[in-house]
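Asker: What follows is upload-v9.txt, made up of compact mmCIF, C-alpha atoms and all ligand atoms:
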```
# COMPACT_ATOMS: atom_id res chain seq x y z
CA MET R 1 -55.68 16.56 -18.84
CA ASP R 2 -57.15 16.72 -22.32
CA ASN R 3 -56.71 20.30 -23.48
CA ARG R 4 -58.72 19.77 -26.64
CA LYS R 5 -61.80 18.59 -24.78
CA LEU R 6 -61.78 21.63 -22.51
CA THR R 7 -61.63 24.05 -25.42
CA VAL R 8 -64.82 22.53 -26.84
CA THR R 9 -66.94 23.15 -23.75
CA SER R 10 -65.63 26.52 -22.54
CA PRO R 11 -63.59 28.29 -25.22
CA LEU R 12 -61.94 31.60 -24.45
CA LEU R 13 -63.14 32.86 -27.83
CA PRO R 14 -66.42 31.63 -29.34
CA PRO R 15 -65.84 29.33 -32.34
CA LEU R 16 -65.15 31.28 -35.55
CA GLU R 17 -67.65 29.28 -37.58
CA GLU R 18 -70.39 30.31 -35.19
CA ILE R 19 -69.69 34.03 -35.51
CA ILE R 20 -69.88 34.02 -39.33
CA PRO R 21 -73.72 33.72 -39.59
CA TYR R 22 -74.07 36.65 -37.18
CA LEU R 23 -71.71 38.75 -39.28
CA GLU R 24 -73.61 37.82 -42.43
CA GLN R 25 -76.83 39.05 -40.85
CA ILE R 26 -75.21 42.35 -39.86
CA TRP R 27 -73.79 42.84 -43.34
CA GLU R 28 -77.15 42.01 -44.96
CA SER R 29 -79.06 44.37 -42.68
CA ARG R 30 -76.47 47.13 -43.30
CA TRP R 31 -77.21 48.28 -39.71
CA ILE R 32 -73.87 48.24 -37.94
CA THR R 33 -74.40 50.40 -34.83
CA ASN R 34 -76.93 52.72 -33.06
CA GLY R 35 -79.22 50.22 -31.37
CA GLY R 36 -79.48 47.53 -34.04
CA GLN R 37 -81.09 44.11 -33.64
CA PHE R 38 -78.18 42.45 -31.83
CA HIS R 39 -77.81 45.37 -29.45
CA GLN R 40 -81.49 44.96 -28.50
CA GLN R 41 -81.20 41.21 -28.22
CA LEU R 42 -78.08 41.33 -26.07
CA GLU R 43 -79.61 43.85 -23.65
CA THR R 44 -82.61 41.58 -23.19
CA ALA R 45 -80.56 38.40 -22.96
CA LEU R 46 -78.07 39.83 -20.45
CA ALA R 47 -80.77 41.31 -18.24
CA GLN R 48 -82.45 37.93 -18.17
CA TYR R 49 -79.23 35.99 -17.59
CA LEU R 50 -78.13 38.31 -14.79
CA GLY R 51 -81.56 38.57 -13.16
CA VAL R 52 -81.90 42.36 -13.47
CA GLU R 53 -84.54 44.52 -15.09
CA TYR R 54 -82.78 47.58 -16.54
CA LEU R 55 -79.47 47.14 -18.33
CA SER R 56 -77.85 49.50 -20.83
CA LEU R 57 -74.96 48.31 -22.98
CA PHE R 58 -71.81 50.38 -23.37
CA THR R 59 -68.73 50.26 -25.54
CA ASN R 60 -66.40 49.51 -22.61
CA GLY R 61 -66.44 49.27 -18.81
CA THR R 62 -65.06 52.73 -17.98
CA LEU R 63 -67.68 54.87 -19.71
CA PRO R 64 -70.47 53.29 -17.60
CA LEU R 65 -68.68 54.50 -14.45
CA ILE R 66 -68.33 58.01 -15.90
CA THR R 67 -71.92 58.04 -17.14
CA ALA R 68 -73.39 56.67 -13.89
CA LEU R 69 -71.87 59.58 -11.94
CA GLN R 70 -73.24 62.00 -14.51
CA ALA R 71 -76.71 60.45 -14.63
CA LEU R 72 -77.04 60.81 -10.84
CA HIS R 73 -75.68 64.40 -10.92
CA ILE R 74 -73.03 63.61 -8.34
CA THR R 75 -71.14 66.64 -7.03
CA GLY R 76 -68.13 67.33 -4.80
CA GLU R 77 -66.51 64.28 -3.23
CA VAL R 78 -66.94 60.57 -3.89
CA ILE R 79 -65.79 58.02 -1.34
CA THR R 80 -63.97 55.18 -3.07
CA THR R 81 -61.27 52.55 -2.66
CA PRO R 82 -57.57 52.55 -3.47
CA TYR R 83 -57.74 48.78 -4.12
CA SER R 84 -59.15 48.72 -7.62
CA PHE R 85 -58.27 49.15 -11.25
CA VAL R 86 -57.38 52.79 -11.86
CA ALA R 87 -60.52 53.37 -13.98
CA THR R 88 -62.64 53.60 -10.81
CA SER R 89 -60.89 56.79 -9.66
CA HIS R 90 -60.42 58.10 -13.20
CA ALA R 91 -64.21 58.04 -13.69
CA ILE R 92 -64.59 60.26 -10.65
CA TRP R 93 -61.87 62.59 -11.92
CA TRP R 94 -63.42 62.81 -15.42
CA ASN R 95 -66.59 64.18 -13.80
CA GLY R 96 -64.59 66.95 -12.11
CA LEU R 97 -65.16 65.27 -8.74
CA LYS R 98 -62.72 64.42 -5.99
CA PRO R 99 -62.07 60.80 -5.00
CA ILE R 100 -61.70 60.27 -1.25
CA PHE R 101 -59.95 57.02 -0.44
CA VAL R 102 -60.91 54.76 2.46
CA ASP R 103 -59.26 51.52 3.54
CA ILE R 104 -60.40 47.99 2.71
CA ASP R 105 -61.54 44.93 4.58
CA PRO R 106 -58.58 42.55 5.09
CA VAL R 107 -60.65 39.45 4.20
CA THR R 108 -62.59 40.52 1.11
CA GLY R 109 -60.43 43.37 -0.21
CA CYS R 110 -63.62 45.43 -0.60
CA MET R 111 -64.22 48.85 0.99
CA ASP R 112 -64.35 48.62 4.80
CA PRO R 113 -67.75 50.04 5.85
CA ASP R 114 -66.31 50.97 9.27
CA LYS R 115 -64.04 53.50 7.54
CA ILE R 116 -66.70 55.28 5.49
CA GLU R 117 -68.31 57.59 8.05
CA ALA R 118 -65.06 59.29 9.07
CA ALA R 119 -64.49 60.19 5.40
CA ILE R 120 -67.87 61.88 4.91
CA THR R 121 -67.81 65.69 4.67
CA PRO R 122 -70.50 68.22 3.66
CA GLN R 123 -69.16 67.85 0.08
CA THR R 124 -69.68 64.08 -0.09
CA SER R 125 -72.47 62.99 -2.41
CA ALA R 126 -71.70 59.40 -3.37
CA ILE R 127 -69.88 56.19 -2.50
CA MET R 128 -68.23 54.14 -5.25
CA PRO R 129 -67.15 50.75 -3.90
CA VAL R 130 -65.83 47.78 -5.90
CA HIS R 131 -66.86 44.12 -5.60
CA VAL R 132 -63.22 43.05 -5.56
CA TYR R 133 -62.46 39.75 -7.38
CA GLY R 134 -66.26 39.32 -7.71
CA THR R 135 -66.78 39.09 -3.93
CA PRO R 136 -69.76 41.20 -2.82
CA CYS R 137 -69.09 44.27 -0.68
CA ASN R 138 -70.90 44.56 2.63
CA THR R 139 -73.85 46.05 0.77
CA GLU R 140 -76.18 46.14 3.81
CA ARG R 141 -73.82 48.32 5.84
CA ILE R 142 -72.99 50.56 2.89
CA GLN R 143 -76.68 51.04 2.12
CA GLU R 144 -77.45 51.85 5.73
CA ILE R 145 -74.74 54.55 5.80
CA ALA R 146 -75.82 55.93 2.40
CA VAL R 147 -79.42 56.27 3.53
CA ARG R 148 -78.42 57.91 6.79
CA TYR R 149 -76.26 60.55 5.05
CA GLY R 150 -78.30 60.92 1.85
CA LEU R 151 -75.56 59.56 -0.42
CA LYS R 152 -75.84 57.70 -3.74
CA VAL R 153 -74.09 54.36 -4.17
CA ILE R 154 -72.59 53.26 -7.47
CA TYR R 155 -70.98 49.83 -7.43
CA ASP R 156 -68.10 49.14 -9.77
CA ALA R 157 -69.12 45.55 -10.47
CA ALA R 158 -66.59 44.99 -13.26
CA HIS R 159 -65.47 41.74 -11.57
CA ALA R 160 -68.91 40.57 -10.48
CA PHE R 161 -70.60 39.23 -13.61
CA GLY R 162 -73.12 36.57 -12.57
CA VAL R 163 -72.45 36.87 -8.83
CA GLN R 164 -75.47 36.27 -6.60
CA LYS R 165 -76.14 36.60 -2.89
CA ALA R 166 -79.11 34.79 -1.33
CA GLY R 167 -80.34 33.91 -4.84
CA LYS R 168 -80.34 37.54 -6.01
CA SER R 169 -78.01 39.35 -8.38
CA ILE R 170 -75.48 41.53 -6.60
CA LEU R 171 -76.15 44.07 -9.37
CA LEU R 172 -79.49 44.96 -7.77
CA GLU R 173 -77.66 46.67 -4.87
CA GLY R 174 -77.10 50.42 -4.62
CA ASP R 175 -78.42 53.05 -7.03
CA MET R 176 -76.50 51.64 -9.98
CA SER R 177 -73.90 49.04 -10.83
CA THR R 178 -71.50 48.94 -13.74
CA LEU R 179 -70.00 45.97 -15.57
CA SER R 180 -66.99 45.53 -17.84
CA PHE R 181 -66.98 43.06 -20.72
CA HIS R 182 -63.31 43.59 -21.52
CA ALA R 183 -61.47 40.68 -23.11
CA THR R 184 -59.78 39.84 -19.79
CA LYS R 185 -63.03 39.51 -17.84
CA THR R 186 -65.06 36.36 -17.15
CA TYR R 187 -67.58 37.31 -19.82
CA ASN R 188 -66.46 39.51 -22.70
CA THR R 189 -67.74 41.25 -25.78
CA LEU R 190 -64.16 42.04 -26.98
CA GLU R 191 -64.55 45.43 -25.28
CA GLY R 192 -67.83 46.36 -23.68
CA GLY R 193 -69.71 47.16 -20.52
CA ALA R 194 -73.08 48.02 -19.01
CA ILE R 195 -74.96 50.05 -16.43
CA ILE R 196 -77.61 48.34 -14.34
CA CYS R 197 -80.17 50.73 -12.85
CA HIS R 198 -83.53 50.26 -11.20
CA SER R 199 -86.14 52.24 -13.12
CA ALA R 200 -87.33 52.63 -16.69
CA GLU R 201 -86.90 56.43 -16.50
CA MET R 202 -83.28 56.10 -15.42
CA LYS R 203 -82.52 53.57 -18.15
CA GLN R 204 -84.03 55.97 -20.68
CA LYS R 205 -81.80 58.76 -19.39
CA ILE R 206 -78.70 56.54 -19.52
CA ASP R 207 -79.56 55.51 -23.07
CA TYR R 208 -79.75 59.19 -24.07
CA LEU R 209 -76.49 59.98 -22.29
CA LYS R 210 -74.60 57.23 -24.12
CA ASN R 211 -75.74 58.76 -27.43
CA PHE R 212 -74.62 62.39 -26.96
CA GLY R 213 -77.74 63.16 -24.92
CA PHE R 214 -80.05 62.92 -27.95
CA GLU R 215 -83.65 62.45 -26.89
CA ASP R 216 -84.88 62.71 -30.45
CA GLU R 217 -83.52 64.13 -33.70
CA VAL R 218 -83.73 67.74 -32.53
CA THR R 219 -83.45 67.54 -28.71
CA VAL R 220 -80.34 67.12 -26.55
CA MET R 221 -81.28 66.74 -22.87
CA GLU R 222 -77.77 66.94 -21.31
CA PRO R 223 -74.16 66.83 -22.48
CA GLY R 224 -73.93 63.14 -23.24
CA ILE R 225 -71.07 61.14 -24.65
CA ASN R 226 -70.70 58.52 -27.36
CA SER R 227 -70.39 55.13 -25.73
CA LYS R 228 -72.76 52.95 -27.74
CA MET R 229 -72.02 49.28 -28.38
CA ASP R 230 -71.87 48.36 -32.07
CA GLU R 231 -73.55 45.38 -33.71
CA VAL R 232 -70.41 43.25 -34.16
CA ARG R 233 -69.63 43.31 -30.45
CA ALA R 234 -73.27 42.78 -29.53
CA ALA R 235 -73.44 39.72 -31.79
CA TYR R 236 -70.16 38.39 -30.35
CA GLY R 237 -71.64 38.98 -26.88
CA LEU R 238 -74.80 37.03 -27.70
CA LEU R 239 -72.74 34.13 -28.94
CA ASN R 240 -70.36 34.25 -25.98
CA LEU R 241 -73.26 34.26 -23.54
CA LYS R 242 -73.97 30.66 -24.57
CA TYR R 243 -70.59 29.66 -23.14
CA VAL R 244 -70.50 31.66 -19.94
CA ASP R 245 -72.01 29.00 -17.66
CA SER R 246 -69.45 26.42 -18.74
CA ALA R 247 -66.74 29.07 -18.44
CA ILE R 248 -67.66 29.81 -14.82
CA SER R 249 -67.92 26.13 -13.89
CA ARG R 250 -64.48 25.45 -15.38
CA ARG R 251 -63.11 28.38 -13.41
CA LYS R 252 -64.66 26.95 -10.27
CA GLU R 253 -62.90 23.62 -10.93
CA ILE R 254 -59.60 25.43 -11.38
CA ALA R 255 -60.16 27.37 -8.14
CA ARG R 256 -60.78 24.07 -6.32
CA GLN R 257 -57.54 22.63 -7.72
CA TYR R 258 -55.58 25.69 -6.66
CA VAL R 259 -57.08 25.55 -3.16
CA LYS R 260 -56.30 21.84 -2.85
CA GLY R 261 -52.73 22.31 -4.08
CA LEU R 262 -51.88 25.40 -2.05
CA LYS R 263 -53.80 24.90 1.19
CA GLY R 264 -51.45 24.85 4.15
CA VAL R 265 -48.39 26.05 2.23
CA GLU R 266 -46.31 28.00 4.75
CA GLY R 267 -46.42 31.73 4.03
CA ILE R 268 -49.07 31.54 1.28
CA ALA R 269 -52.51 32.77 2.35
CA LEU R 270 -55.48 31.91 0.18
CA TYR R 271 -58.40 34.26 -0.48
CA GLN R 272 -60.96 33.19 2.12
CA PRO R 273 -64.15 34.24 0.26
CA ILE R 274 -63.27 31.78 -2.53
CA VAL R 275 -62.37 28.98 -0.11
CA ASP R 276 -65.67 29.56 1.74
CA SER R 277 -67.72 29.81 -1.46
CA PHE R 278 -67.43 26.08 -2.18
CA GLU R 279 -69.46 25.31 0.96
CA SER R 280 -71.83 28.29 0.68
CA ASP R 281 -75.48 28.12 -0.37
CA ASP R 282 -75.70 31.88 0.09
CA LEU R 283 -73.00 33.11 -2.31
CA LYS R 284 -72.70 32.22 -5.99
CA HIS R 285 -69.16 33.31 -6.84
CA ASN R 286 -67.85 33.68 -10.38
CA TYR R 287 -64.17 32.77 -9.81
CA SER R 288 -63.01 35.69 -11.92
CA TYR R 289 -59.63 35.82 -10.14
CA PHE R 290 -57.54 33.60 -7.90
CA PRO R 291 -55.43 35.83 -5.62
CA ILE R 292 -52.84 34.51 -3.19
CA PHE R 293 -50.99 36.56 -0.56
CA VAL R 294 -47.30 36.03 0.08
CA ASP R 295 -45.88 36.48 3.59
CA ALA R 296 -42.21 36.86 2.67
CA GLY R 297 -40.92 36.02 6.17
CA ARG R 298 -42.71 32.70 6.37
CA TYR R 299 -42.63 31.75 2.69
CA GLY R 300 -38.91 32.45 2.40
CA MET R 301 -39.24 34.58 -0.70
CA THR R 302 -40.76 38.01 -1.37
CA ARG R 303 -43.89 38.45 -3.41
CA ASP R 304 -41.89 40.06 -6.21
CA ASP R 305 -39.33 37.24 -6.21
CA LEU R 306 -42.12 34.66 -6.53
CA TYR R 307 -43.69 36.76 -9.28
CA ALA R 308 -40.33 36.81 -11.11
CA LYS R 309 -39.81 33.06 -10.57
CA MET R 310 -43.23 32.38 -12.08
CA LYS R 311 -42.49 34.65 -15.01
CA ALA R 312 -39.17 32.88 -15.66
CA GLN R 313 -41.17 29.64 -15.97
CA GLY R 314 -43.61 31.24 -18.40
CA ILE R 315 -46.34 31.63 -15.77
CA MET R 316 -48.03 35.00 -15.99
CA GLY R 317 -49.18 35.98 -12.54
CA ARG R 318 -50.57 39.44 -12.07
CA ARG R 319 -49.93 41.79 -9.15
CA TYR R 320 -53.55 42.91 -9.08
CA PHE R 321 -54.01 45.43 -7.54
CA TYR R 322 -50.49 46.76 -7.35
CA PRO R 323 -49.58 49.59 -7.33
CA LEU R 324 -52.58 50.97 -5.48
CA ILE R 325 -54.53 53.73 -7.22
CA THR R 326 -53.27 56.04 -4.47
CA ALA R 327 -49.68 55.45 -5.63
CA PHE R 328 -50.31 56.84 -9.12
CA THR R 329 -49.27 60.43 -9.93
CA PRO R 330 -52.77 61.95 -10.31
CA TYR R 331 -53.82 60.81 -6.81
CA ARG R 332 -50.75 60.34 -4.64
CA ASP R 333 -50.80 63.84 -3.14
CA PHE R 334 -54.39 63.60 -1.93
CA PRO R 335 -54.52 63.61 1.90
CA SER R 336 -56.70 60.47 1.82
CA ALA R 337 -54.05 58.71 -0.30
CA ALA R 338 -51.52 58.79 2.58
CA LYS R 339 -50.20 55.33 3.47
CA GLU R 340 -51.29 55.78 7.11
CA ASN R 341 -54.91 56.20 5.94
CA ILE R 342 -54.98 52.90 4.05
CA PRO R 343 -52.68 50.43 5.86
CA VAL R 344 -54.70 47.32 4.99
CA ALA R 345 -54.76 48.16 1.28
CA GLU R 346 -51.00 48.83 1.40
CA ARG R 347 -50.28 45.48 3.03
CA ILE R 348 -52.52 43.46 0.71
CA SER R 349 -51.29 45.23 -2.41
CA ASP R 350 -47.69 44.43 -1.42
CA SER R 351 -48.39 40.72 -0.97
CA VAL R 352 -50.88 39.80 -3.70
CA ILE R 353 -50.39 37.73 -6.85
CA CYS R 354 -53.39 36.71 -8.92
CA LEU R 355 -52.63 33.30 -10.38
CA PRO R 356 -53.47 32.47 -13.99
CA MET R 357 -57.23 32.02 -14.15
CA HIS R 358 -59.19 31.53 -17.33
CA HIS R 359 -61.51 28.85 -18.57
CA GLU R 360 -59.17 27.36 -21.15
CA LEU R 361 -56.45 26.73 -18.55
CA SER R 362 -55.65 23.01 -18.61
CA ASP R 363 -55.19 20.79 -15.55
CA VAL R 364 -51.53 20.39 -16.56
CA ASP R 365 -51.00 24.14 -16.47
CA VAL R 366 -52.77 24.45 -13.10
CA TYR R 367 -50.37 21.83 -11.66
CA ARG R 368 -47.40 23.69 -13.19
CA VAL R 369 -48.48 26.84 -11.37
CA ILE R 370 -48.96 24.98 -8.08
CA ASN R 371 -45.56 23.26 -8.43
CA CYS R 372 -43.85 26.55 -9.14
CA ILE R 373 -45.19 27.90 -5.85
CA ILE R 374 -44.64 24.85 -3.63
CA LEU R 375 -41.30 23.58 -4.97
C1 LIG R 401 -61.79 46.14 -16.00
C2 LIG R 401 -62.18 47.11 -14.95
C3 LIG R 401 -62.68 48.39 -15.24
C4 LIG R 401 -62.64 48.99 -16.61
O1 LIG R 401 -63.27 48.30 -17.59
P1 LIG R 401 -62.84 48.46 -19.11
O2 LIG R 401 -63.87 47.63 -19.82
O3 LIG R 401 -61.45 47.93 -19.27
O4 LIG R 401 -62.95 49.92 -19.47
C5 LIG R 401 -63.13 49.18 -14.19
N1 LIG R 401 -63.07 48.76 -12.92
C6 LIG R 401 -62.58 47.55 -12.59
C7 LIG R 401 -62.56 47.14 -11.16
C8 LIG R 401 -62.09 46.70 -13.59
O5 LIG R 401 -61.56 45.52 -13.25
```
Before anything else, please render the file you have as structure tokens.
Answerer:
Amino acid sequence: MDNRKLTVTSPLLPPLEEIIPYLEQIWESRWITNGGQFHQQLETALAQYLGVEYLSLFTNGTLPLITALQALHITGEVITTPYSFVATSHAIWWNGLKPIFVDIDPVTGCMDPDKIEAAITPQTSAIMPVHVYGTPCNTERIQEIAVRYGLKVIYDAAHAFGVQKAGKSILLEGDMSTLSFHATKTYNTLEGGAIICHSAEMKQKIDYLKNFGFEDEVTVMEPGINSKMDEVRAAYGLLNLKYVDSAISRRKEIARQYVKGLKGVEGIALYQPIVDSFESDDLKHNYSYFPIFVDAGRYGMTRDDLYAKMKAQGIMGRRYFYPLITAFTPYRDFPSAAKENIPVAERISDSVICLPMHHELSDVDVYRVINCIIL
């Protein structure tokens, strides 16, 4: 119950006095962006921490999605999920491609592999699934389908920092994975992101693409973009990396408290992958979110009424993901965006609230949230 003690071990922001020496070094070197020392160091440190070989830093988590599609020369249609942050579909749109929406698995919230094949057409060239709330997709099934139809797989792993299955990083799955280091994510560099790929040649290409396509001073290999991470964010990221293990273990504690407090509450369903993760040797979860699902009939209150009740008590829940991507103007008229095509996503999106979850959340605040829901 000691808020002060918690902020020492897993602060939301790294201590100011620790960032100053990094800033002094940047100012002294007068090298503030374009692959400086901290950029190099953070790429190496993150690859090592995450257990991957080829990682390229980006200035946010959306440009990696856009760049991954470009690097793989994806054309035509991309099979994706309506149950994600809107950036997943926007990245497809920004490449002049067409997102095709398929429904999700009712337990994990990730793309349902059983729905993929029916959505494949001669125009399909890639699948872009999302590891929702950090829970791994059914990567074996997706890979099997991708191989059979000759499709590329790009995982939006924005939620899945540090997640491992059978002792291996989930980021090793598919052709590429992308991360977001936005301030709201489990690990942040203020804004930032990365692409994880699986060969030195591909990393080289991605590194050119994030710098306008420049191969050298006089050669541009393809129309690239500017999405380089600067030195201040890279230094902040290096510093923050020291705290990420304690951040994830605090989040795990909070998740346990939520499960204990809310288990068996009539009309409130917990997110089973998190409940199961405590007993699992196979899955290392990162507890990036704590979703609950409100069954209005049994709980006696609608999801939106509970959301409003929480808000009135100063508790900021988040209806994440609501609305679905398929409800937004740019996508809602797509045939695959029809409600009948994605009934599971519709149902889950209408019942979800993600409870407050961050590593500086005190025990007192966790109990306040639980009491708000059960009383
Ligand atoms: C946060 C997020 C993104 C976008 O990342 P930014 O760093 O905010 O650009 C993309 N996809 C998902 C699933 C996300 O949660």
Asker: List all protein, DNA and RNA residues that have an atom no more than 8 Å from any atom of ligand LIG 401 (chain R), counting all atoms listed in the file, and report them as a ChimeraX atom specification.
Answerer: /R:59-63,65,84-88,130-132,156-159,179-182,184-185,191-193
Asker: Do you have the atom CA of Ala71 of chain R-atom CA of Ile145 of chain R distance handy?
Answerer: 21.4 Å
Asker: Tell me which residues come within 10 Å of (-69.8, 56.1, -13.2), as a ChimeraX atom specification, counting all atoms listed in the file in the file's coordinates.
Answerer: /R:61-72,74,87-92,94-95,128,154-156,176-178,195
Asker: Do a neighbour search on segment 107-111 of chain R at 9 Å with only C-alpha atoms, toss out local chain neighbours closer than 4 positions, and write the hits as a ChimeraX atom specification.
Answerer: /R:80-84,102-103,115-116,129-133,135-138,271-273,344-345,348
Asker: Could you write out the selected residues, including C-alpha atoms, as an mmCIF file, in the frame of the given file?
Answerer:
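Result file result-v3.cif:
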```cif
data_model
loop_
_atom_site.group_PDB
_atom_site.id
_atom_site.type_symbol
_atom_site.label_atom_id
_atom_site.label_comp_id
_atom_site.auth_asym_id
_atom_site.auth_seq_id
_atom_site.Cartn_x
_atom_site.Cartn_y
_atom_site.Cartn_z
ATOM 1 C CA THR R 80 -63.970 55.180 -3.070
ATOM 2 C CA THR R 81 -61.270 52.550 -2.660
ATOM 3 C CA PRO R 82 -57.570 52.550 -3.470
ATOM 4 C CA TYR R 83 -57.740 48.780 -4.120
ATOM 5 C CA SER R 84 -59.150 48.720 -7.620
ATOM 6 C CA VAL R 102 -60.910 54.760 2.460
ATOM 7 C CA ASP R 103 -59.260 51.520 3.540
ATOM 8 C CA LYS R 115 -64.040 53.500 7.540
ATOM 9 C CA ILE R 116 -66.700 55.280 5.490
ATOM 10 C CA PRO R 129 -67.150 50.750 -3.900
ATOM 11 C CA VAL R 130 -65.830 47.780 -5.900
ATOM 12 C CA HIS R 131 -66.860 44.120 -5.600
ATOM 13 C CA VAL R 132 -63.220 43.050 -5.560
ATOM 14 C CA TYR R 133 -62.460 39.750 -7.380
ATOM 15 C CA THR R 135 -66.780 39.090 -3.930
ATOM 16 C CA PRO R 136 -69.760 41.200 -2.820
ATOM 17 C CA CYS R 137 -69.090 44.270 -0.680
ATOM 18 C CA ASN R 138 -70.900 44.560 2.630
ATOM 19 C CA TYR R 271 -58.400 34.260 -0.480
ATOM 20 C CA GLN R 272 -60.960 33.190 2.120
ATOM 21 C CA PRO R 273 -64.150 34.240 0.260
ATOM 22 C CA VAL R 344 -54.700 47.320 4.990
ATOM 23 C CA ALA R 345 -54.760 48.160 1.280
ATOM 24 C CA ILE R 348 -52.520 43.460 0.710
#
```
Asker: Could you check which of R:Arg233, R:His358, R:Lys242, R:Lys98 is closest to Tyr22 of chain R, using all atoms listed in the file?
Answerer: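 Counting all atoms listed in the file, the residue closest to Tyr22 of chain R is R:Arg233.
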Asker: Distance atom CA of Pro11 of chain R-atom CA of Glu360 of chain R, one decimal place?
Answerer: 6.1 Å
Asker: For the atom pair atom CA of Lys210 of chain R and atom CA of Val163 of chain R, what is the interatomic distance in Å to one decimal place?
Answerer: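 Going from atom CA of Lys210 of chain R over to atom CA of Val163 of chain R covers 25.6 Å.
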Asker: Rank R:Glu201, R:Asp282, R:Asp230, R:Glu17 by their smallest atom-to-atom distance to Thr33 of chain R, using only C-alpha atoms, and report the top residue only.
Answerer: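 Closest candidate: R:Asp230.
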Asker: For Gly237 of chain R, which residue among R:Trp27, R:Tyr258, R:Phe38, R:Trp93 is the nearest when counting only C-alpha atoms?
Answerer: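 With only C-alpha atoms as the atom set, the closest residue is R:Phe38.
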Asker: At most 6 Å from (-65.1, 36.2, -9.9), file frame, all atoms listed in the file: which residues, as a list in words?
Answerer: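 Those residues lying close to the given coordinates are Tyr133, Gly134, His159, Ala160, His285, Asn286, Tyr287, Ser288 and Tyr289 of chain R.
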Asker: Measuring atom to atom with all atoms listed in the file, identify which of R:Gly261, R:Pro106, R:Gly167, R:Pro291 is nearest to Val366 of chain R.
Answerer: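 Residue with the minimum atom-to-atom distance to Val366 of chain R: R:Gly261.
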Asker: From the list R:Gly150, R:Gly317, R:Pro14, R:Pro343, which residue is nearest Tyr243 of chain R when using all atoms listed in the file?
Answerer: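 Under the stated criterion, the closest residue is R:Pro14.
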